[in-house]
Amino acid sequence: MSDIAPVRWETDRLILVDQTVLPEREIERDYRSWQEVGAAIRTLVVRGAPAIGVAAAFGVVLAARTSHAATFDGLLADLETAIKGLAATRPTAVNLFWALDRMRQAAVASRALPLDAMRARLLAEAQAIRDEDIAANRAMGAHGAALVPPNARILTHCNAGALATAGYGTALGVVRAAHAQGKVALVWVDETRPVMQGSRLTAWECVREGIPHRLIADVAAASVMARGEVDLVVTGADRIAANGDTANKIGTYSLAVLAAHHRVPFYIAAPFSTIDPSIASGAQIPIEERDASEVRRVGGQQTAPSDSPVFNPAFDVTPAGLIAAIVTERGVVRPPYHF
Ligand code: MRU
């Protein structure tokens with residue numbers, strides 16, 4: 001059972017676990033404006049596709065609370081400004097846009113209500129998005145655990161755990177559920193350069209929950225598979241196209257290629273809020289490029305000349321043909337994928 005709550009609402013403010021300082025420090029921070037929430041998403045205080053959707057939904061709640069508008073149209077205009085600002089924070093995870101659309105629809109549907117009732121309605125919607133995400137993760141855990149053989153050695157990349165969601169996790173939710181069934185011998189945790197979500201966050205969750213794990217540098221994954229020590233790979237997703245092509249943390253594609261070479265099943269676990277049926281293939285998924293300093297420095301230490309040009313895509317696209325199954329809250333989907 002996971003009691004990690006990376007995104008929570010308290011009376012009049014949003015509280016986020018600061019994921020930039022884990023595992024060294026466990027700190028929660030308070031947010032009282034949508035602009036602060038936007039900055040937290042951009043700087044990875046909160047990260048992971050479902051978690052940024054939930055945080056952005058509460059950002060819209062804060063926008064409604066801080067607006068001085070006296071009419072519905074005035075309030076809606078302020079919400080649109082916030083929605084636009086929050087949508088501009090990170091481009092790849094579709095959950096962000098999905099959650100913001102839901103909040104916009106809830107606002108529009110509240111036209112006939114007094115403004116305070118509309119604000120209450122928006123808070124209820126954000127809380128529903130959060131609660132539905134946790135329920136989806138638990139369902140995914142149950143469906144995905146059925147794919148895990150006894151004594152499984154599972155490799156995962158990045159962090160698709162409780163921290164990346166409203167709670168419990170997607171790929172790590174599958175691991176959690178399989179672990180609860182006594183089926184997990186070992187989780188191989190990729191460190192996940194350049195931002196180290198694997199070593200900083202997934203390993204932290206595994207330690208906290210007593211899940212047996214072993215950390216590896218990303219470059220060791222091929223060797224571990226070649227030694228026959230991986231039974232399956234499972235990762236999360238940031239956006240899944242209609243044909244099943246899947247964007248996830250940079251390095252996921254290379255793992256899928258390695259898994260195919262070593263005949264290891266490669267699975268994705270993601271809720272329907274991560275599926276974008278409006279785009280035909282992964283070629284249309286916008287890939288975020290982040291600051292060069294993430295690659296030139298490690299833990300504050302300069303590891304490359306400051307003048308070296310850098311390419312730093314935060315995500316890559318794994319072609320559907322390399323994905324053995326996609327675990328969703330509605331069940332396990334096998335190829336060919338048609339979302
Ligand atoms: O840049 P991040 O840390 O937000 O990237 C996160 C990932 O790539 C996760 O694997 C993905 O969002 C799924 S989280 C359940």
# chains A, B, ... in the order shown; residues from 1 in each chain; ligands from 1
>>> closest_atom_pairs(of="segment 164-272 of chain A", to="segment 133-151 of chain A", cutoff="7 Å", atoms="only C-alpha atoms", output="CSV")
residue,atom,partner,partner_atom,distance
A:Ala166,CA,A:Ile134,CA,5.8
A:Gly167,CA,A:Ile134,CA,5.4
A:Tyr168,CA,A:Asn137,CA,6.2
A:Gly169,CA,A:Asn137,CA,5.8
A:Thr170,CA,A:Asn137,CA,5.5
A:Gly173,CA,A:Gly141,CA,5.0
A:Val174,CA,A:Gly141,CA,4.0
A:Ala177,CA,A:Gly141,CA,5.2
A:Ala178,CA,A:Ala145,CA,4.7
A:Lys183,CA,A:Pro150,CA,4.6
A:Val184,CA,A:Asn151,CA,5.3
A:Ala185,CA,A:Asn151,CA,4.7
A:Pro271,CA,A:Ala136,CA,6.4
>>> write_last_selection(atoms="N, CA, C and O atoms", output="CSV table (one decimal), in the first residue's frame")
chain,number,residue,atom,x,y,z
A,166,ALA,N,-1.4,10.6,-8.9
A,166,ALA,CA,-2.1,11.1,-7.6
A,166,ALA,C,-1.7,10.1,-6.5
A,166,ALA,O,-1.9,10.5,-5.3
A,167,GLY,N,-1.3,8.9,-6.8
A,167,GLY,CA,-0.9,7.9,-5.8
A,167,GLY,C,-0.9,6.6,-6.4
A,167,GLY,O,-1.5,6.3,-7.4
A,168,TYR,N,-0.1,5.7,-5.9
A,168,TYR,CA,0.1,4.3,-6.2
A,168,TYR,C,0.9,4.0,-7.5
A,168,TYR,O,1.8,3.1,-7.5
A,169,GLY,N,0.7,4.8,-8.6
A,169,GLY,CA,1.6,4.6,-9.7
A,169,GLY,C,1.0,3.8,-10.8
A,169,GLY,O,0.0,3.1,-10.6
A,170,THR,N,1.6,3.9,-12.0
A,170,THR,CA,1.2,3.2,-13.2
A,170,THR,C,2.1,1.9,-13.4
A,170,THR,O,1.8,0.9,-12.9
A,173,GLY,N,2.9,0.9,-10.1
A,173,GLY,CA,1.6,0.3,-9.5
A,173,GLY,C,1.5,-1.2,-9.9
A,173,GLY,O,1.1,-2.0,-9.0
A,174,VAL,N,1.9,-1.5,-11.1
A,174,VAL,CA,1.9,-2.9,-11.5
A,174,VAL,C,2.9,-3.7,-10.7
A,174,VAL,O,2.6,-4.8,-10.1
A,177,ALA,N,1.5,-4.1,-7.1
A,177,ALA,CA,0.4,-5.1,-7.0
A,177,ALA,C,1.1,-6.5,-7.1
A,177,ALA,O,0.7,-7.4,-6.3
A,178,ALA,N,2.0,-6.7,-8.0
A,178,ALA,CA,2.7,-8.0,-8.1
A,178,ALA,C,3.5,-8.3,-6.9
A,178,ALA,O,3.6,-9.4,-6.4
A,183,LYS,N,5.1,-11.9,-6.0
A,183,LYS,CA,5.7,-12.4,-7.3
A,183,LYS,C,7.0,-11.7,-7.7
A,183,LYS,O,7.5,-12.1,-8.8
A,184,VAL,N,7.4,-10.7,-7.0
A,184,VAL,CA,8.5,-9.9,-7.4
A,184,VAL,C,9.8,-10.3,-6.7
A,184,VAL,O,10.0,-10.2,-5.5
A,185,ALA,N,10.7,-10.9,-7.5
A,185,ALA,CA,12.0,-11.2,-6.9
A,185,ALA,C,12.9,-10.0,-6.9
A,185,ALA,O,13.7,-9.8,-5.9
A,271,PRO,N,-3.0,5.1,-17.9
A,271,PRO,CA,-4.4,5.3,-17.9
A,271,PRO,C,-5.0,5.9,-19.2
A,271,PRO,O,-4.2,6.4,-20.0
>>> residues_near_ligand(ligand="ligand 1", cutoff="8 Å", atoms="only C-alpha atoms and all ligand atoms", output="number ranges by chain")
A: 44, 46-52, 93, 157-162, 164-165, 169-171, 195, 197, 235-238, 247-250, 269-270, 314-315
>>> closest_residue(among="A:Ile129, A:Ala40, A:Ala117, A:Val317", to="Leu16 of chain A", atoms="only C-alpha atoms")
A:Ala40
>>> residues_around(residues="Thr20 of chain A", least_positions_apart="2", cutoff="7 Å", atoms="only C-alpha atoms", output="VMD selection string")
chain A and resid 18 22 44 to 45
>>> closest_residue(among="A:Glu24, A:Glu10, A:Glu191, A:Asp231", to="Leu215 of chain A", atoms="only C-alpha atoms")
A:Glu191
>>> decode(residues="segment 149-303 of chain A", atoms="C-alpha atoms", output="mmCIF file, in the first residue's frame")
data_model
loop_
_atom_site.group_PDB
_atom_site.id
_atom_site.type_symbol
_atom_site.label_atom_id
_atom_site.label_comp_id
_atom_site.auth_asym_id
_atom_site.auth_seq_id
_atom_site.Cartn_x
_atom_site.Cartn_y
_atom_site.Cartn_z
ATOM 1 C CA PRO A 149 5.315 -14.455 -13.645
ATOM 2 C CA PRO A 150 6.381 -15.866 -10.251
ATOM 3 C CA ASN A 151 9.857 -14.766 -9.058
ATOM 4 C CA ALA A 152 9.869 -12.012 -11.655
ATOM 5 C CA ARG A 153 12.809 -9.763 -12.308
ATOM 6 C CA ILE A 154 11.286 -6.562 -13.644
ATOM 7 C CA LEU A 155 13.150 -3.659 -15.231
ATOM 8 C CA THR A 156 11.641 -0.164 -15.122
ATOM 9 C CA HIS A 157 12.732 3.264 -16.304
ATOM 10 C CA CYS A 158 12.161 6.769 -14.948
ATOM 11 C CA ASN A 159 9.560 7.053 -12.191
ATOM 12 C CA ALA A 160 6.027 5.933 -12.926
ATOM 13 C CA GLY A 161 5.238 5.436 -9.267
ATOM 14 C CA ALA A 162 3.065 7.126 -6.665
ATOM 15 C CA LEU A 163 5.120 10.301 -7.090
ATOM 16 C CA ALA A 164 4.283 10.508 -10.806
ATOM 17 C CA THR A 165 0.535 10.189 -10.236
ATOM 18 C CA ALA A 166 -2.065 11.085 -7.636
ATOM 19 C CA GLY A 167 -0.898 7.947 -5.806
ATOM 20 C CA TYR A 168 0.059 4.263 -6.233
ATOM 21 C CA GLY A 169 1.579 4.646 -9.718
ATOM 22 C CA THR A 170 1.184 3.161 -13.191
ATOM 23 C CA ALA A 171 4.202 0.999 -14.095
ATOM 24 C CA LEU A 172 5.294 0.970 -10.446
ATOM 25 C CA GLY A 173 1.647 0.320 -9.531
ATOM 26 C CA VAL A 174 1.914 -2.922 -11.516
ATOM 27 C CA VAL A 175 5.113 -3.696 -9.607
ATOM 28 C CA ARG A 176 3.397 -2.825 -6.287
ATOM 29 C CA ALA A 177 0.449 -5.106 -7.021
ATOM 30 C CA ALA A 178 2.705 -7.977 -8.149
ATOM 31 C CA HIS A 179 4.890 -7.458 -5.067
ATOM 32 C CA ALA A 180 1.804 -7.670 -2.840
ATOM 33 C CA GLN A 181 1.091 -11.023 -4.504
ATOM 34 C CA GLY A 182 4.621 -12.209 -3.656
ATOM 35 C CA LYS A 183 5.687 -12.427 -7.303
ATOM 36 C CA VAL A 184 8.522 -9.897 -7.437
ATOM 37 C CA ALA A 185 12.037 -11.240 -6.949
ATOM 38 C CA LEU A 186 13.768 -8.023 -8.030
ATOM 39 C CA VAL A 187 13.147 -4.665 -9.681
ATOM 40 C CA TRP A 188 15.976 -3.349 -11.816
ATOM 41 C CA VAL A 189 15.806 0.437 -11.469
ATOM 42 C CA ASP A 190 17.373 2.417 -14.319
ATOM 43 C CA GLU A 191 18.961 5.556 -12.940
ATOM 44 C CA THR A 192 17.437 7.545 -15.864
ATOM 45 C CA ARG A 193 19.880 10.211 -16.936
ATOM 46 C CA PRO A 194 19.866 13.160 -17.121
ATOM 47 C CA VAL A 195 17.333 14.005 -14.366
ATOM 48 C CA MET A 196 17.699 10.716 -12.444
ATOM 49 C CA GLN A 197 14.024 10.026 -11.782
ATOM 50 C CA GLY A 198 14.894 6.327 -11.452
ATOM 51 C CA SER A 199 17.637 6.595 -8.843
ATOM 52 C CA ARG A 200 16.186 9.586 -6.988
ATOM 53 C CA LEU A 201 12.483 8.705 -7.024
ATOM 54 C CA THR A 202 11.784 5.077 -8.008
ATOM 55 C CA ALA A 203 14.543 3.746 -5.762
ATOM 56 C CA TRP A 204 13.197 5.978 -2.947
ATOM 57 C CA GLU A 205 9.711 4.504 -3.374
ATOM 58 C CA CYS A 206 11.128 0.955 -3.431
ATOM 59 C CA VAL A 207 13.136 1.539 -0.235
ATOM 60 C CA ARG A 208 10.069 3.033 1.460
ATOM 61 C CA GLU A 209 7.882 0.090 0.545
ATOM 62 C CA GLY A 210 10.380 -2.706 0.999
ATOM 63 C CA ILE A 211 10.336 -3.700 -2.674
ATOM 64 C CA PRO A 212 13.546 -5.618 -3.520
ATOM 65 C CA HIS A 213 15.443 -3.603 -6.111
ATOM 66 C CA ARG A 214 18.838 -2.962 -7.577
ATOM 67 C CA LEU A 215 19.915 0.273 -9.178
ATOM 68 C CA ILE A 216 21.756 0.275 -12.507
ATOM 69 C CA ALA A 217 23.247 2.944 -14.733
ATOM 70 C CA ASP A 218 21.107 3.176 -17.882
ATOM 71 C CA VAL A 219 24.010 1.857 -19.915
ATOM 72 C CA ALA A 220 23.974 -1.429 -17.936
ATOM 73 C CA ALA A 221 20.491 -2.479 -19.096
ATOM 74 C CA ALA A 222 21.800 -4.385 -22.149
ATOM 75 C CA SER A 223 24.226 -6.409 -20.039
ATOM 76 C CA VAL A 224 21.587 -7.291 -17.474
ATOM 77 C CA MET A 225 19.267 -8.510 -20.229
ATOM 78 C CA ALA A 226 22.091 -10.416 -21.947
ATOM 79 C CA ARG A 227 22.719 -12.239 -18.649
ATOM 80 C CA GLY A 228 19.107 -13.413 -18.735
ATOM 81 C CA GLU A 229 18.247 -11.475 -15.590
ATOM 82 C CA VAL A 230 15.194 -9.554 -16.817
ATOM 83 C CA ASP A 231 11.818 -11.286 -17.260
ATOM 84 C CA LEU A 232 9.875 -8.215 -18.342
ATOM 85 C CA VAL A 233 10.165 -4.457 -18.767
ATOM 86 C CA VAL A 234 7.350 -2.144 -17.733
ATOM 87 C CA THR A 235 7.336 1.641 -18.024
ATOM 88 C CA GLY A 236 4.796 4.430 -17.887
ATOM 89 C CA ALA A 237 3.835 6.766 -20.730
ATOM 90 C CA ASP A 238 3.382 10.471 -21.360
ATOM 91 C CA ARG A 239 1.293 10.202 -24.515
ATOM 92 C CA ILE A 240 0.023 7.245 -26.545
ATOM 93 C CA ALA A 241 -1.029 7.859 -30.156
ATOM 94 C CA ALA A 242 -4.030 6.158 -31.784
ATOM 95 C CA ASN A 243 -1.747 3.473 -33.267
ATOM 96 C CA GLY A 244 -0.081 2.663 -29.927
ATOM 97 C CA ASP A 245 3.189 4.543 -30.518
ATOM 98 C CA THR A 246 4.178 5.729 -27.039
ATOM 99 C CA ALA A 247 6.143 8.719 -25.797
ATOM 100 C CA ASN A 248 7.873 8.211 -22.478
ATOM 101 C CA LYS A 249 11.050 9.315 -20.722
ATOM 102 C CA ILE A 250 14.138 9.516 -22.918
ATOM 103 C CA GLY A 251 15.788 6.104 -22.986
ATOM 104 C CA THR A 252 12.547 4.136 -23.075
ATOM 105 C CA TYR A 253 12.864 3.502 -26.824
ATOM 106 C CA SER A 254 16.364 2.059 -26.453
ATOM 107 C CA LEU A 255 15.095 -0.261 -23.711
ATOM 108 C CA ALA A 256 12.302 -1.468 -25.988
ATOM 109 C CA VAL A 257 14.820 -2.217 -28.732
ATOM 110 C CA LEU A 258 17.025 -4.082 -26.245
ATOM 111 C CA ALA A 259 14.018 -6.009 -24.938
ATOM 112 C CA ALA A 260 13.045 -7.074 -28.470
ATOM 113 C CA HIS A 261 16.618 -8.234 -29.138
ATOM 114 C CA HIS A 262 16.649 -10.321 -25.951
ATOM 115 C CA ARG A 263 13.034 -11.554 -26.376
ATOM 116 C CA VAL A 264 11.940 -9.910 -23.141
ATOM 117 C CA PRO A 265 8.320 -8.645 -23.139
ATOM 118 C CA PHE A 266 8.102 -4.853 -23.046
ATOM 119 C CA TYR A 267 4.927 -3.422 -21.470
ATOM 120 C CA ILE A 268 3.501 0.059 -21.038
ATOM 121 C CA ALA A 269 1.147 0.878 -18.149
ATOM 122 C CA ALA A 270 -0.931 4.037 -18.560
ATOM 123 C CA PRO A 271 -4.445 5.312 -17.889
ATOM 124 C CA PHE A 272 -6.805 6.367 -20.664
ATOM 125 C CA SER A 273 -6.037 10.007 -19.803
ATOM 126 C CA THR A 274 -2.595 9.351 -21.385
ATOM 127 C CA ILE A 275 -4.083 8.185 -24.688
ATOM 128 C CA ASP A 276 -4.421 10.818 -27.406
ATOM 129 C CA PRO A 277 -6.681 9.341 -30.100
ATOM 130 C CA SER A 278 -6.552 12.661 -31.991
ATOM 131 C CA ILE A 279 -3.089 11.893 -33.301
ATOM 132 C CA ALA A 280 -2.506 8.999 -35.672
ATOM 133 C CA SER A 281 1.083 8.143 -34.769
ATOM 134 C CA GLY A 282 4.003 9.003 -32.532
ATOM 135 C CA ALA A 283 5.486 11.262 -35.200
ATOM 136 C CA GLN A 284 2.940 13.901 -34.141
ATOM 137 C CA ILE A 285 3.804 13.847 -30.441
ATOM 138 C CA PRO A 286 5.563 17.098 -29.411
ATOM 139 C CA ILE A 287 8.810 16.226 -27.662
ATOM 140 C CA GLU A 288 9.982 18.599 -24.957
ATOM 141 C CA GLU A 289 13.603 19.727 -25.080
ATOM 142 C CA ARG A 290 15.004 20.820 -21.750
ATOM 143 C CA ASP A 291 17.903 22.974 -20.647
ATOM 144 C CA ALA A 292 21.454 22.024 -21.604
ATOM 145 C CA SER A 293 22.519 22.300 -17.975
ATOM 146 C CA GLU A 294 20.696 19.025 -17.215
ATOM 147 C CA VAL A 295 23.225 17.241 -19.449
ATOM 148 C CA ARG A 296 26.314 19.330 -18.738
ATOM 149 C CA ARG A 297 26.024 18.983 -14.975
ATOM 150 C CA VAL A 298 25.408 16.079 -12.604
ATOM 151 C CA GLY A 299 24.224 16.884 -9.093
ATOM 152 C CA GLY A 300 25.519 20.437 -9.313
ATOM 153 C CA GLN A 301 28.928 19.306 -10.577
ATOM 154 C CA GLN A 302 30.085 20.442 -14.021
ATOM 155 C CA THR A 303 30.698 17.314 -16.151
#
